[in-house]
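A.B. asks: Here it is, the structure in full.
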Amino acid sequence: MRKFLAVATASTVALSCATTALADDNTTTINPPSGYKYHGDITQGEGSSQEVFKLYQKPDKDGDLAQQIVYDKDGKVVCDTASSKADFMWTAGNTRCNYKKPLDVIKDISSYIAAISAAIGALFAIYTTAQKFIK
């Protein structure tokens with residue numbers, strides 16, 4: 001049984017590494033909305049977890065920054081200040097997109113979990129109170 005689990009684990013790890021390597025060869029063309037100009041790459045992370053994002057900016061009539069759009073390597077929008085849409089790793093402000101630190105994302109997720117557990121606790125309290133009234 002142990003040999004079977006070892007072989008299954010090794011094959012899963014090998015397949016996941018090969019799939020990731022194949023996915024990195026994918027290149028896409030990004031077509032931003034009109035008025036947006038390519039501003040540069042944003043590099044986040046270190047080592048093997050390093051990611052590169054494409055930053056496009058739209059200036060207003062005075063040449064100041066008006067809007068930003070950030071695309072990932074697959075050409076998907078991860079942050080857009082015009083529509084205030086952002087991936088969980090990004091925050092979309094009025095004119096700028098900001099990358100969140102991993103610790104901030106963990107704090108956000110833990111606060112979501114705390115809110116959900118509080119709601120579940122409230123439902124159980126309502127249920128037990130209803131059971132007392134039934135008796």
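For the structure tokens, the naming scheme is as follows: chains receive sequential letters (A, B, ...) according to their order of presentation, residues are indexed from 1 within each chain, and ligands are indexed from 1 in presentation order.
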Residues near Leu55 in chain A, anyone? I mean within 6 Å using only C-alpha atoms, not counting same-chain ones fewer than 2 positions away, as a list in words.

C.D. replies: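 Returned residues: His39, Gly40, Asp41 and Val70 of chain A.
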
A.B. asks: Output the selection as a PDB file, in the first residue's frame - C-alpha atoms for each residue.

C.D. replies:
ATOM      1  CA  HIS A  39       3.328  51.941 -19.422  1.00  0.00           C
ATOM      2  CA  GLY A  40       5.563  48.994 -18.529  1.00  0.00           C
ATOM      3  CA  ASP A  41       5.801  45.695 -16.717  1.00  0.00           C
ATOM      4  CA  VAL A  70      -3.340  45.654 -15.276  1.00  0.00           C
TER       5      VAL A  70
END

A.B. asks: Counting only C-alpha atoms, figure out which residue out of A:Leu65, A:Thr29, A:Tyr38, A:Asp74 gets nearest to Val52 in chain A.

C.D. replies: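 Going through A:Leu65, A:Thr29, A:Tyr38, A:Asp74 one by one, the smallest distance to Val52 in chain A is for A:Asp74.
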
A.B. asks: Quick check, in Å to one decimal: how far apart do CA of Gly93 in chain A and CA of Gly47 in chain A lie?

C.D. replies: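 Pair CA of Gly93 in chain A / CA of Gly47 in chain A returns 28.4 Å.
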
A.B. asks: With only C-alpha atoms as the basis for distance, which of A:Leu123, A:Thr81, A:Met89, A:Pro32 is at the shortest distance from Ile106 in chain A?

C.D. replies: A:Met89

A.B. asks: Per DSSP on the backbone, what are the helix (DSSP H, G or I) residues of range 25-122 of chain A, as number ranges by chain?

C.D. replies: A: 47-49, 102-122
